[in-house]
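Q: Have a peek at target_3.txt (compact mmCIF, C-alpha atoms).
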```txt
# COMPACT_ATOMS: atom_id res chain seq x y z
CA MET A 134 -24.21 -14.16 -8.07
CA ARG A 135 -23.87 -16.75 -5.36
CA ILE A 136 -20.95 -16.79 -2.97
CA THR A 137 -19.96 -19.47 -0.51
CA THR A 138 -17.76 -18.38 2.35
CA THR A 139 -16.75 -19.99 5.60
CA VAL A 140 -17.65 -17.46 8.29
CA ASN A 141 -16.57 -18.14 11.86
CA GLY A 142 -16.09 -21.79 11.02
CA THR A 143 -19.47 -22.35 9.34
CA GLU A 144 -19.96 -22.51 5.59
CA ARG A 145 -22.48 -19.87 4.49
CA GLU A 146 -24.12 -19.51 1.10
CA VAL A 147 -25.40 -16.15 -0.03
CA ASP A 148 -27.45 -15.62 -3.19
CA ASP A 149 -28.14 -12.55 -5.31
CA VAL A 150 -24.93 -10.81 -4.32
CA TRP A 151 -24.30 -7.72 -6.44
CA ALA A 152 -20.88 -7.67 -8.14
CA GLY A 153 -19.85 -4.41 -6.50
CA GLU A 154 -20.99 -5.42 -3.05
CA SER A 155 -18.48 -5.43 -0.21
CA LEU A 156 -17.75 -8.28 2.16
CA LEU A 157 -18.85 -5.92 4.93
CA TYR A 158 -22.32 -5.57 3.42
CA VAL A 159 -22.63 -9.35 3.09
CA LEU A 160 -21.63 -9.86 6.72
CA ARG A 161 -23.88 -7.18 8.18
CA GLU A 162 -26.91 -7.10 5.93
CA ARG A 163 -27.13 -10.65 4.59
CA LEU A 164 -25.63 -12.78 7.34
CA GLY A 165 -26.81 -10.77 10.34
CA LEU A 166 -23.32 -10.29 11.77
CA PRO A 167 -23.29 -6.63 12.85
CA GLY A 168 -20.03 -6.82 14.83
CA ALA A 169 -17.89 -5.35 12.07
CA LYS A 170 -19.05 -1.74 11.83
CA ASN A 171 -19.80 0.29 8.74
CA ALA A 172 -18.33 3.76 9.07
CA CYS A 173 -15.97 5.30 6.55
CA GLU A 174 -16.29 2.77 3.70
CA GLN A 175 -12.82 3.75 2.52
CA GLY A 176 -10.39 1.83 4.71
CA GLU A 177 -9.58 4.81 6.91
CA CYS A 178 -11.19 3.85 10.21
CA GLY A 179 -10.63 0.11 10.65
CA SER A 180 -13.98 -0.42 12.38
CA CYS A 181 -14.85 -3.17 9.86
CA THR A 182 -11.63 -5.14 10.45
CA VAL A 183 -12.13 -8.90 10.03
CA TYR A 184 -9.83 -11.79 9.23
CA LEU A 185 -9.75 -12.95 5.62
CA ASP A 186 -7.81 -16.21 5.35
CA GLY A 187 -6.14 -15.33 8.65
CA GLU A 188 -5.11 -11.78 7.75
CA PRO A 189 -6.74 -8.64 9.16
CA VAL A 190 -8.39 -6.61 6.41
CA CYS A 191 -10.97 -3.87 6.05
CA ALA A 192 -14.12 -5.75 5.03
CA CYS A 193 -15.42 -2.61 3.29
CA LEU A 194 -12.59 -2.86 0.74
CA VAL A 195 -13.00 -6.56 -0.05
CA ALA A 196 -15.44 -7.31 -2.87
CA ALA A 197 -17.84 -10.04 -1.80
CA GLY A 198 -16.75 -12.17 -4.74
CA GLN A 199 -13.15 -11.98 -3.53
CA ALA A 200 -14.24 -13.72 -0.33
CA ASN A 201 -15.85 -16.59 -2.26
CA GLY A 202 -14.34 -19.86 -1.08
CA ARG A 203 -12.30 -18.09 1.60
CA GLN A 204 -12.30 -18.18 5.39
CA VAL A 205 -13.65 -15.16 7.23
CA THR A 206 -13.48 -14.63 10.98
CA THR A 207 -15.37 -11.70 12.46
CA VAL A 208 -15.30 -10.34 16.00
CA GLU A 209 -18.30 -12.62 16.70
CA GLY A 210 -16.00 -15.58 16.10
CA LEU A 211 -13.40 -14.73 18.75
CA ALA A 212 -15.31 -15.69 21.90
CA GLU A 213 -15.84 -19.32 22.79
CA GLY A 214 -19.55 -19.53 23.47
CA GLU A 215 -20.30 -17.26 26.42
CA ARG A 216 -16.62 -17.00 27.35
CA LEU A 217 -15.05 -13.84 25.97
CA HIS A 218 -11.61 -13.96 24.40
CA PRO A 219 -8.88 -12.62 26.75
CA VAL A 220 -8.43 -9.60 24.46
CA GLN A 221 -12.13 -8.80 24.84
CA GLU A 222 -11.91 -9.27 28.62
CA ALA A 223 -8.95 -6.91 28.75
CA PHE A 224 -10.84 -4.23 26.82
CA LEU A 225 -13.71 -4.47 29.33
CA GLU A 226 -11.52 -4.45 32.41
CA THR A 227 -9.36 -1.49 31.42
CA GLY A 228 -12.24 0.69 30.29
CA ALA A 229 -11.00 0.67 26.70
CA VAL A 230 -14.62 0.74 25.53
CA GLN A 231 -16.59 3.97 25.56
CA CYS A 232 -19.17 4.33 22.79
CA GLY A 233 -18.03 0.93 21.53
CA PHE A 234 -18.22 1.64 17.82
CA CYS A 235 -14.53 1.16 17.10
CA THR A 236 -14.16 -1.70 19.57
CA PRO A 237 -14.82 -4.71 17.30
CA GLY A 238 -12.21 -3.54 14.79
CA LEU A 239 -9.70 -2.77 17.51
CA VAL A 240 -10.30 -6.13 19.17
CA VAL A 241 -9.61 -7.96 15.90
CA ALA A 242 -6.50 -5.86 15.22
CA ALA A 243 -5.21 -6.41 18.78
CA HIS A 244 -6.04 -10.12 18.55
CA ASP A 245 -3.98 -10.35 15.36
CA LEU A 246 -1.04 -8.52 16.93
CA LEU A 247 -0.96 -10.84 19.95
CA GLN A 248 -1.07 -13.90 17.72
CA ARG A 249 2.05 -12.69 15.95
CA VAL A 250 3.94 -10.96 18.77
CA SER A 251 3.57 -12.30 22.28
CA ARG A 252 5.11 -9.31 24.13
CA PRO A 253 4.69 -6.31 21.85
CA SER A 254 6.45 -3.03 22.63
CA ASP A 255 4.35 0.13 22.82
CA LEU A 256 5.68 1.07 19.40
CA GLU A 257 4.53 -2.27 17.99
CA ILE A 258 1.09 -1.83 19.55
CA ARG A 259 0.76 1.66 18.11
CA GLU A 260 1.83 0.47 14.68
CA ALA A 261 -0.55 -2.51 14.76
CA LEU A 262 -3.48 -0.30 15.73
CA ALA A 263 -2.58 2.58 13.40
CA GLY A 264 -5.42 1.69 11.04
CA ASN A 265 -8.12 1.83 13.71
CA LEU A 266 -9.61 5.16 14.74
CA CYS A 267 -11.25 5.82 18.12
CA ARG A 268 -12.89 9.17 18.81
CA CYS A 269 -13.64 8.58 22.51
CA THR A 270 -10.80 7.10 24.46
CA GLY A 271 -7.67 8.92 23.41
CA TYR A 272 -6.20 5.41 22.96
CA GLU A 273 -4.47 5.21 26.35
CA LYS A 274 -6.97 2.70 27.76
CA ILE A 275 -6.77 0.74 24.55
CA LEU A 276 -2.99 0.48 24.93
CA ASP A 277 -3.59 -0.62 28.54
CA ALA A 278 -5.96 -3.32 27.28
CA VAL A 279 -3.44 -4.70 24.81
CA ARG A 280 -0.67 -4.69 27.45
CA LEU A 281 -2.97 -6.50 29.91
CA ALA A 282 -3.98 -9.10 27.34
CA ALA A 283 -0.31 -9.60 26.44
CA ASP A 284 0.64 -10.07 30.10
CA ARG A 285 -2.10 -12.64 30.63
CA GLN A 286 -1.23 -14.43 27.43
CA ALA A 287 2.42 -14.62 28.53
CA GLN A 288 1.39 -16.09 31.87
CA GLY A 289 -0.63 -18.70 30.01
CA MET B 167 -22.32 -5.31 -13.26
CA ASP B 168 -20.53 -8.62 -13.79
CA PHE B 169 -17.92 -10.12 -11.52
CA LEU B 170 -15.21 -11.76 -13.61
CA GLN B 171 -12.79 -13.99 -11.76
CA PRO B 172 -10.13 -15.55 -13.98
CA ALA B 173 -8.05 -18.37 -12.51
CA SER B 174 -5.07 -17.90 -14.83
CA TRP B 175 -3.14 -15.06 -16.43
CA GLN B 176 -4.13 -16.17 -19.94
CA GLU B 177 -7.80 -16.17 -18.98
CA ALA B 178 -7.39 -12.73 -17.37
CA LEU B 179 -5.91 -11.30 -20.59
CA GLU B 180 -8.69 -12.80 -22.70
CA LEU B 181 -11.36 -11.37 -20.40
CA ARG B 182 -9.63 -7.99 -20.42
CA ALA B 183 -9.72 -7.96 -24.24
CA ALA B 184 -13.34 -9.11 -24.37
CA ARG B 185 -14.55 -6.65 -21.74
CA PRO B 186 -13.07 -3.18 -22.20
CA ASP B 187 -15.76 -1.96 -19.79
CA ALA B 188 -14.28 -4.02 -16.94
CA VAL B 189 -12.24 -2.42 -14.17
CA PRO B 190 -9.35 -4.56 -12.94
CA LEU B 191 -9.54 -5.25 -9.21
CA ALA B 192 -6.53 -6.21 -7.12
CA GLY B 193 -6.45 -5.38 -3.40
CA GLY B 194 -9.53 -3.19 -3.71
CA THR B 195 -8.07 -0.35 -1.66
CA ASP B 196 -8.77 2.17 -4.45
CA VAL B 197 -11.46 0.52 -6.59
CA MET B 198 -13.76 -0.48 -3.72
CA VAL B 199 -13.72 3.09 -2.37
CA GLU B 200 -15.00 4.34 -5.73
CA LEU B 201 -17.74 1.70 -5.76
CA ASN B 202 -18.74 2.31 -2.13
CA PHE B 203 -19.12 6.03 -2.83
CA ASP B 204 -20.99 5.55 -6.11
CA ARG B 205 -18.26 7.33 -8.02
CA ARG B 206 -17.90 4.51 -10.48
CA ARG B 207 -20.24 1.91 -11.99
CA PRO B 208 -18.21 -0.15 -14.47
CA GLY B 209 -19.81 -2.85 -16.58
CA ALA B 210 -17.73 -5.45 -14.78
CA LEU B 211 -15.08 -6.01 -12.17
CA LEU B 212 -12.13 -8.12 -13.26
CA ASP B 213 -10.83 -9.66 -10.03
CA LEU B 214 -7.16 -10.57 -10.44
CA GLY B 215 -6.87 -12.05 -6.95
CA ARG B 216 -7.11 -15.66 -8.17
CA VAL B 217 -4.27 -15.40 -10.69
CA PRO B 218 -1.37 -17.14 -8.93
CA GLU B 219 1.36 -15.77 -11.24
CA LEU B 220 0.61 -12.22 -10.15
CA ARG B 221 1.40 -12.98 -6.51
CA THR B 222 5.00 -14.07 -7.04
CA TRP B 223 8.35 -12.34 -7.47
CA ARG B 224 11.71 -13.57 -8.66
CA THR B 225 15.14 -12.19 -9.42
CA GLU B 226 16.27 -12.24 -13.04
CA ASP B 227 19.03 -10.34 -14.91
CA GLY B 228 19.78 -8.06 -11.98
CA CYS B 229 16.12 -7.09 -11.56
CA VAL B 230 13.34 -8.13 -9.28
CA ARG B 231 10.37 -9.11 -11.41
CA LEU B 232 7.62 -8.16 -9.01
CA GLY B 233 4.23 -9.65 -9.83
CA ALA B 234 1.54 -6.98 -9.96
CA GLY B 235 -0.45 -8.68 -7.20
CA VAL B 236 2.25 -8.80 -4.53
CA PRO B 237 0.92 -6.76 -1.60
CA TYR B 238 2.90 -4.06 0.21
CA ALA B 239 3.16 -6.20 3.34
CA ARG B 240 5.19 -8.75 1.40
CA VAL B 241 7.36 -6.09 -0.25
CA ILE B 242 8.26 -4.96 3.28
CA ASP B 243 8.89 -8.48 4.60
CA GLU B 244 10.63 -9.99 1.60
CA LEU B 245 12.26 -7.26 -0.48
CA GLY B 246 13.81 -4.77 1.94
CA LYS B 247 17.34 -5.74 0.85
CA GLN B 248 16.85 -5.87 -2.91
CA LEU B 249 14.46 -2.92 -3.25
CA PRO B 250 15.08 -0.74 -0.19
CA GLY B 251 13.44 2.40 -1.62
CA LEU B 252 10.24 0.61 -2.56
CA ALA B 253 10.16 -1.19 0.80
CA MET B 254 10.57 2.13 2.63
CA ALA B 255 7.69 3.61 0.68
CA ALA B 256 5.59 0.48 1.27
CA ARG B 257 6.00 0.94 5.04
CA THR B 258 4.30 4.35 4.76
CA VAL B 259 1.24 3.08 2.87
CA GLY B 260 -2.06 3.34 4.76
CA SER B 261 -2.35 0.98 7.72
CA PRO B 262 -1.51 -2.69 8.32
CA GLN B 263 -4.93 -3.65 6.91
CA ILE B 264 -4.26 -1.64 3.75
CA ARG B 265 -0.71 -2.96 3.29
CA ILE B 266 -1.99 -6.54 3.48
CA ARG B 267 -4.38 -5.92 0.57
CA GLY B 268 -2.92 -3.08 -1.51
CA THR B 269 -0.51 -4.00 -4.31
CA VAL B 270 2.19 -2.24 -6.32
CA GLY B 271 0.40 -3.27 -9.53
CA GLY B 272 -2.81 -1.70 -8.25
CA ASN B 273 -0.94 1.47 -7.33
CA LEU B 274 0.41 1.66 -10.89
CA GLY B 275 -3.03 0.93 -12.34
CA SER B 276 -4.62 3.74 -10.33
CA SER B 277 -1.79 6.08 -11.40
CA SER B 278 -2.54 8.61 -8.70
CA PRO B 279 -0.02 11.46 -8.57
CA ALA B 280 0.19 10.64 -4.84
CA GLY B 281 0.83 6.89 -5.21
CA ASP B 282 3.53 5.93 -2.72
CA ALA B 283 5.18 3.26 -4.89
CA HIS B 284 5.80 5.60 -7.81
CA PRO B 285 8.71 7.78 -6.60
CA PRO B 286 10.95 4.83 -5.63
CA LEU B 287 10.08 3.00 -8.87
CA LEU B 288 11.09 6.12 -10.81
CA ALA B 289 14.31 6.53 -8.83
CA ALA B 290 15.23 2.89 -9.41
CA GLY B 291 14.50 3.03 -13.15
CA ALA B 292 11.77 0.37 -13.07
CA VAL B 293 9.93 -0.93 -16.13
CA VAL B 294 6.23 -1.85 -16.24
CA GLN B 295 5.39 -5.09 -18.02
CA ALA B 296 2.03 -4.61 -19.68
CA ALA B 297 0.47 -7.60 -21.38
CA SER B 298 -2.37 -8.29 -23.78
CA ALA B 299 -3.77 -11.50 -25.26
CA ALA B 300 -3.23 -10.16 -28.79
CA ARG B 301 0.27 -8.73 -28.58
CA GLY B 302 1.97 -10.34 -25.60
CA ILE B 303 4.26 -8.41 -23.28
CA ARG B 304 5.17 -4.74 -23.78
CA GLU B 305 7.71 -3.03 -21.56
CA ILE B 306 7.06 0.57 -20.54
CA PRO B 307 9.64 2.51 -18.48
CA VAL B 308 7.90 3.83 -15.37
CA ALA B 309 9.06 7.33 -16.34
CA GLU B 310 6.87 7.03 -19.47
CA PHE B 311 3.98 5.18 -17.84
CA PHE B 312 2.07 8.06 -16.24
CA THR B 313 0.34 10.25 -18.80
CA GLY B 314 -1.91 12.45 -16.66
CA VAL B 315 -3.80 12.60 -13.39
CA LYS B 316 -4.89 8.97 -12.83
CA ARG B 317 -4.06 8.18 -16.45
CA ASN B 318 -1.44 5.84 -17.84
CA ALA B 319 -0.04 4.35 -21.01
CA LEU B 320 -1.96 1.06 -20.83
CA ALA B 321 -4.02 0.14 -23.90
CA PRO B 322 -7.66 -0.83 -23.24
CA ASP B 323 -6.87 -4.54 -23.67
CA GLU B 324 -3.75 -4.52 -21.48
CA LEU B 325 -3.18 -5.52 -17.88
CA ILE B 326 -0.13 -4.92 -15.71
CA GLY B 327 1.58 -8.26 -15.21
CA ALA B 328 4.64 -7.18 -13.31
CA VAL B 329 7.10 -4.41 -12.71
CA ARG B 330 10.80 -5.06 -13.24
CA VAL B 331 12.84 -3.15 -10.68
CA PRO B 332 16.66 -3.14 -10.82
CA VAL B 333 18.14 -4.59 -7.64
CA ALA B 334 19.69 -1.73 -5.65
CA THR B 335 23.43 -1.28 -6.19
CA GLY B 336 23.62 1.58 -3.67
CA PRO B 337 21.62 3.31 -0.96
CA GLN B 338 18.04 4.41 -1.56
CA GLN B 339 15.83 6.73 0.45
CA PHE B 340 12.16 7.67 0.54
CA SER B 341 10.58 10.59 2.34
CA LYS B 342 6.95 11.64 2.54
CA ILE B 343 5.11 14.56 4.09
CA GLY B 344 1.62 14.17 5.49
CA THR B 345 -0.50 15.39 8.35
CA ARG B 346 0.37 12.42 10.55
CA ASN B 347 2.33 9.18 10.24
CA ALA B 348 -0.44 6.62 9.66
CA MET B 349 -3.10 6.60 6.95
CA VAL B 350 -1.59 9.51 5.09
CA ILE B 351 -1.98 10.45 1.46
CA ALA B 352 1.23 12.24 0.59
CA VAL B 353 1.22 16.03 0.51
CA SER B 354 4.57 15.60 -1.19
CA ALA B 355 7.01 12.74 -1.52
CA PHE B 356 10.58 12.24 -2.66
CA ALA B 357 12.66 9.18 -3.47
CA CYS B 358 16.29 8.95 -4.46
CA ALA B 359 18.62 6.14 -5.41
CA LEU B 360 22.39 6.24 -5.72
CA HIS B 361 23.78 4.00 -8.45
CA PRO B 362 27.53 3.99 -7.66
CA ASP B 363 28.16 1.21 -10.21
CA ARG B 364 27.38 3.61 -13.05
CA ARG B 365 27.95 6.81 -11.09
CA ALA B 366 24.36 7.93 -11.51
CA VAL B 367 21.58 9.32 -9.34
CA GLY B 368 17.88 8.46 -9.62
CA THR B 369 14.96 10.48 -8.33
CA GLY B 370 11.18 10.37 -8.16
CA ILE B 371 8.79 13.04 -6.92
CA GLY B 372 5.19 12.50 -5.87
CA SER B 373 2.10 14.65 -5.23
CA VAL B 374 3.80 17.72 -6.67
CA ALA B 375 2.76 17.48 -10.33
CA PRO B 376 -0.08 15.99 -12.42
CA THR B 377 1.92 12.77 -12.54
CA PRO B 378 4.73 11.25 -10.52
CA ARG B 379 7.93 12.15 -12.36
CA ARG B 380 11.71 12.17 -12.24
CA ALA B 381 13.73 15.29 -11.51
CA ALA B 382 16.07 14.54 -14.41
CA ASP B 383 18.04 17.81 -14.35
CA ALA B 384 18.72 17.37 -10.65
CA GLU B 385 19.90 13.80 -11.24
CA ALA B 386 22.36 14.83 -13.98
CA PHE B 387 23.53 17.85 -12.01
CA LEU B 388 24.35 15.87 -8.87
CA ALA B 389 25.99 12.98 -10.70
CA GLY B 390 28.15 15.46 -12.62
CA GLU B 391 29.14 17.45 -9.54
CA LEU B 392 30.04 14.27 -7.66
CA GLU B 393 32.16 13.24 -10.64
CA SER B 394 34.02 16.52 -11.02
CA ALA B 395 34.71 16.71 -7.29
CA GLY B 396 35.99 13.13 -7.31
CA LEU B 397 33.48 12.18 -4.65
CA TRP B 398 32.35 8.93 -6.27
CA GLU B 399 35.94 7.74 -5.67
CA SER B 400 36.84 9.46 -2.43
CA ARG B 401 33.44 8.95 -0.82
CA GLY B 402 34.08 12.24 0.93
CA GLU B 403 31.40 14.19 2.72
CA LEU B 404 28.57 15.57 0.60
CA PRO B 405 28.97 19.37 0.74
CA GLU B 406 25.82 20.99 2.13
CA THR B 407 25.91 23.57 -0.66
CA LEU B 408 25.75 20.73 -3.18
CA ALA B 409 22.81 19.07 -1.37
CA ARG B 410 21.01 22.42 -1.37
CA ALA B 411 21.71 23.07 -5.04
CA PHE B 412 20.40 19.58 -5.81
CA ALA B 413 17.24 20.29 -3.78
CA VAL B 414 16.62 23.52 -5.72
CA ARG B 415 16.76 21.55 -8.96
CA VAL B 416 14.43 18.85 -7.58
CA ALA B 417 11.87 21.51 -6.68
CA ALA B 418 12.23 23.02 -10.15
CA ALA B 419 10.97 19.74 -11.62
CA ALA B 420 7.68 20.05 -9.72
CA SER B 421 4.51 21.84 -10.85
CA PRO B 422 2.26 21.56 -7.82
CA ILE B 423 -1.23 22.89 -7.16
CA ASP B 424 -3.08 24.09 -4.08
CA ASP B 425 -5.58 21.53 -2.86
CA VAL B 426 -7.22 20.27 0.34
CA ARG B 427 -4.04 18.55 1.46
CA GLY B 428 -1.67 21.47 1.07
CA THR B 429 -0.65 24.55 -0.85
CA ALA B 430 1.62 24.57 -3.86
CA ALA B 431 4.10 26.69 -1.91
CA TYR B 432 4.23 24.20 0.96
CA ARG B 433 4.64 21.33 -1.49
CA LEU B 434 7.64 23.03 -3.12
CA HIS B 435 9.22 23.88 0.21
CA SER B 436 8.71 20.44 1.73
CA LEU B 437 9.92 18.73 -1.43
CA SER B 438 13.19 20.65 -1.43
CA VAL B 439 13.74 19.98 2.28
CA MET B 440 13.11 16.26 1.77
CA ALA B 441 15.39 16.18 -1.28
CA ARG B 442 18.26 17.79 0.63
CA ARG B 443 17.86 15.53 3.63
CA ALA B 444 17.20 12.28 1.75
CA VAL B 445 20.16 12.67 -0.60
CA THR B 446 22.40 13.42 2.38
CA TRP B 447 21.14 10.32 4.20
CA ALA B 448 21.74 8.22 1.09
CA TRP B 449 25.24 9.64 0.58
CA ASN B 450 26.11 9.02 4.22
CA ASP B 451 24.88 5.44 3.84
CA LEU B 452 27.20 5.07 0.85
CA ARG B 453 30.15 6.44 2.83
CA GLU B 454 29.45 4.05 5.70
CA ALA B 455 29.25 1.12 3.32
CA ALA B 456 32.71 2.00 1.90
```
Represent the structure contained in this file as structure tokens.
A:
Amino acid sequence: MRITTTVNGTEREVDDVWAGESLLYVLRERLGLPGAKNACEQGECGSCTVYLDGEPVCACLVAAGQANGRQVTTVEGLAEGERLHPVQEAFLETGAVQCGFCTPGLVVAAHDLLQRVSRPSDLEIREALAGNLCRCTGYEKILDAVRLAADRQAQG
Amino acid sequence: MDFLQPASWQEALELRAARPDAVPLAGGTDVMVELNFDRRRPGALLDLGRVPELRTWRTEDGCVRLGAGVPYARVIDELGKQLPGLAMAARTVGSPQIRIRGTVGGNLGSSSPAGDAHPPLLAAGAVVQAASAARGIREIPVAEFFTGVKRNALAPDELIGAVRVPVATGPQQFSKIGTRNAMVIAVSAFACALHPDRRAVGTGIGSVAPTPRRAADAEAFLAGELESAGLWESRGELPETLARAFAVRVAAAASPIDDVRGTAAYRLHSLSVMARRAVTWAWNDLREAA
């Protein structure tokens, strides 16, 4: 089947999509957007987190056909040209990135949190990131990154 | 495999009847896992995500008629007052990403013994509205809906349209044991609801039997003891001996197994601890409300 989806602001058409194919597969293998990572394929790890119509979801659990006609934003869509999004900058500065595999999903989840809550408490940060696993950092630097991004956002 | 995407409820029911080989797809949090892992290759997917009626809820005749496609995130945001037990359980489902996609209707359709929505629906006395193009709507009490591990009472041409959940008339509680707080499939779960208007107690137990089920003897026992001690009227303290005796009867309703998530013995123990605590919390809530 053919699906038409707006990805990072651009309408994309994809042909010969298999009915059981995930949105994640379409993004990575058909559209060449490898930011969202393919790890657990069961919604446990959050490394494939993308926005679907403005809500953060696991792309591995969305059937491609369900994204037909919808808006998708991936981690590739957060920066403005060469200028990283403040959440991405904060991850770099605080050392919240080690192997980097979980980073795109965490960046999208943190981005979503800071859109909804300008000054999140630590509890709110933990809850918002509960669906994203990181096996390197122990999460402390990631919490630092979200706090830093929140501070900068508050200062405008 | 075909991808069927009805735009209306009527069309969905007609497709369901025409394609018994189709698997209904809601939030995808169960079905997509089975596809990703090659555990299932149905003839078609029937995506219900474009059926607007399924994504609404309304209050009618003292019940919330909850469309099958309302995700957990909205149950939490919109129904905490009317359906406190279900909203509590919804908060424990997966992660934010899962709660945005996963639906109560999908949970019922999967009929896992560990489904988080099931215990509070049982405790509240909810009714599943199944529908077919040929026969219209059929109401199935949740207590009769689950027929085996991941099996339910739906006919091959039926879809779940909604679940009717009585609006809470008293405190409700939900408790769940897992290995951590996020992303946990229940090792055991317990829900209770106090119905002071009719002096009754509702329960639901999860992950401790082939299906989610009520602990009916425990419900009748507690309601009767509260009656004979005059506690429904006095709203006096719940005696700890009574809470313990209730918990013993809750555990007696279970028939757990050993599996990767926990042993049968641990399931029984944790269930009885949760039952004692949760019913005490609920009773204390009732006393405070008085």
Q: With distances taken over all atoms listed in the file, which of A:Gln288, A:Thr206, A:Thr236, A:Asn171 is nearest to chain B?
A: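 When distances to chain B are compared using all atoms listed in the file, the smallest one comes from A:Asn171.
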Q: Which neighbours of region 323-340 of chain B fall inside 6 Å, counting all atoms listed in the file, when residues of the same chain fewer than 6 positions from it are skipped, and could you give them as a CSV table (one decimal) with C-alpha atoms, in the frame of the given file?
A:
```csv
chain,number,residue,atom,x,y,z
B,182,ARG,CA,-9.6,-8.0,-20.4
B,183,ALA,CA,-9.7,-8.0,-24.2
B,228,GLY,CA,19.8,-8.1,-12.0
B,229,CYS,CA,16.1,-7.1,-11.6
B,230,VAL,CA,13.3,-8.1,-9.3
B,231,ARG,CA,10.4,-9.1,-11.4
B,232,LEU,CA,7.6,-8.2,-9.0
B,233,GLY,CA,4.2,-9.6,-9.8
B,234,ALA,CA,1.5,-7.0,-10.0
B,248,GLN,CA,16.8,-5.9,-2.9
B,249,LEU,CA,14.5,-2.9,-3.2
B,251,GLY,CA,13.4,2.4,-1.6
B,292,ALA,CA,11.8,0.4,-13.1
B,293,VAL,CA,9.9,-0.9,-16.1
B,294,VAL,CA,6.2,-1.8,-16.2
B,295,GLN,CA,5.4,-5.1,-18.0
B,296,ALA,CA,2.0,-4.6,-19.7
B,297,ALA,CA,0.5,-7.6,-21.4
B,298,SER,CA,-2.4,-8.3,-23.8
B,356,PHE,CA,10.6,12.2,-2.7
B,357,ALA,CA,12.7,9.2,-3.5
B,358,CYS,CA,16.3,9.0,-4.5
B,359,ALA,CA,18.6,6.1,-5.4
B,360,LEU,CA,22.4,6.2,-5.7
B,361,HIS,CA,23.8,4.0,-8.4
B,444,ALA,CA,17.2,12.3,1.8
B,448,ALA,CA,21.7,8.2,1.1
```
Q: List the spatial neighbours of Val208 (chain A) as a PDB file with C-alpha atoms, keeping the file's coordinate frame - criterion: any atom at most 10 Å away, all atoms listed in the file, same-chain residues fewer than 5 positions off excluded.
A:
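Final output, saved to out38.pdb:
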```
ATOM      1  CA  ASN A 141     -16.570 -18.140  11.860  1.00  0.00           C
ATOM      2  CA  LEU A 166     -23.320 -10.290  11.770  1.00  0.00           C
ATOM      3  CA  PRO A 167     -23.290  -6.630  12.850  1.00  0.00           C
ATOM      4  CA  GLY A 168     -20.030  -6.820  14.830  1.00  0.00           C
ATOM      5  CA  ALA A 169     -17.890  -5.350  12.070  1.00  0.00           C
ATOM      6  CA  CYS A 181     -14.850  -3.170   9.860  1.00  0.00           C
ATOM      7  CA  THR A 182     -11.630  -5.140  10.450  1.00  0.00           C
ATOM      8  CA  VAL A 183     -12.130  -8.900  10.030  1.00  0.00           C
ATOM      9  CA  TYR A 184      -9.830 -11.790   9.230  1.00  0.00           C
ATOM     10  CA  HIS A 218     -11.610 -13.960  24.400  1.00  0.00           C
ATOM     11  CA  GLN A 221     -12.130  -8.800  24.840  1.00  0.00           C
ATOM     12  CA  THR A 236     -14.160  -1.700  19.570  1.00  0.00           C
ATOM     13  CA  PRO A 237     -14.820  -4.710  17.300  1.00  0.00           C
ATOM     14  CA  GLY A 238     -12.210  -3.540  14.790  1.00  0.00           C
ATOM     15  CA  LEU A 239      -9.700  -2.770  17.510  1.00  0.00           C
ATOM     16  CA  VAL A 240     -10.300  -6.130  19.170  1.00  0.00           C
ATOM     17  CA  VAL A 241      -9.610  -7.960  15.900  1.00  0.00           C
ATOM     18  CA  ALA A 242      -6.500  -5.860  15.220  1.00  0.00           C
ATOM     19  CA  HIS A 244      -6.040 -10.120  18.550  1.00  0.00           C
TER      20      HIS A 244
END
```
Q: Can you list, as a PyMOL selection string, every protein, DNA or RNA residue that comes within 8 Å of Ala223 (chain A) when you count all atoms listed in the file, leaving out same-chain residues fewer than 6 positions away?
A: chain A and resi 278-279+281-282
Q: Might you pull out every residue within 10 Å of Val367 (chain B), with all atoms listed in the file counted and same-chain residues fewer than 3 positions away left off, and present them as a PDB file with C-alpha atoms, in the coordinates of the input?
A:
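Result file around-v5.pdb:
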```pdb
ATOM      1  CA  ALA B 289      14.310   6.530  -8.830  1.00  0.00           C
ATOM      2  CA  ALA B 290      15.230   2.890  -9.410  1.00  0.00           C
ATOM      3  CA  GLY B 336      23.620   1.580  -3.670  1.00  0.00           C
ATOM      4  CA  GLN B 338      18.040   4.410  -1.560  1.00  0.00           C
ATOM      5  CA  CYS B 358      16.290   8.950  -4.460  1.00  0.00           C
ATOM      6  CA  ALA B 359      18.620   6.140  -5.410  1.00  0.00           C
ATOM      7  CA  LEU B 360      22.390   6.240  -5.720  1.00  0.00           C
ATOM      8  CA  HIS B 361      23.780   4.000  -8.450  1.00  0.00           C
ATOM      9  CA  PRO B 362      27.530   3.990  -7.660  1.00  0.00           C
ATOM     10  CA  ARG B 364      27.380   3.610 -13.050  1.00  0.00           C
ATOM     11  CA  ALA B 382      16.070  14.540 -14.410  1.00  0.00           C
ATOM     12  CA  ALA B 384      18.720  17.370 -10.650  1.00  0.00           C
ATOM     13  CA  GLU B 385      19.900  13.800 -11.240  1.00  0.00           C
ATOM     14  CA  ALA B 386      22.360  14.830 -13.980  1.00  0.00           C
ATOM     15  CA  PHE B 387      23.530  17.850 -12.010  1.00  0.00           C
ATOM     16  CA  LEU B 388      24.350  15.870  -8.870  1.00  0.00           C
ATOM     17  CA  ALA B 389      25.990  12.980 -10.700  1.00  0.00           C
ATOM     18  CA  GLY B 390      28.150  15.460 -12.620  1.00  0.00           C
ATOM     19  CA  LEU B 392      30.040  14.270  -7.660  1.00  0.00           C
ATOM     20  CA  VAL B 445      20.160  12.670  -0.600  1.00  0.00           C
TER      21      VAL B 445
END
```
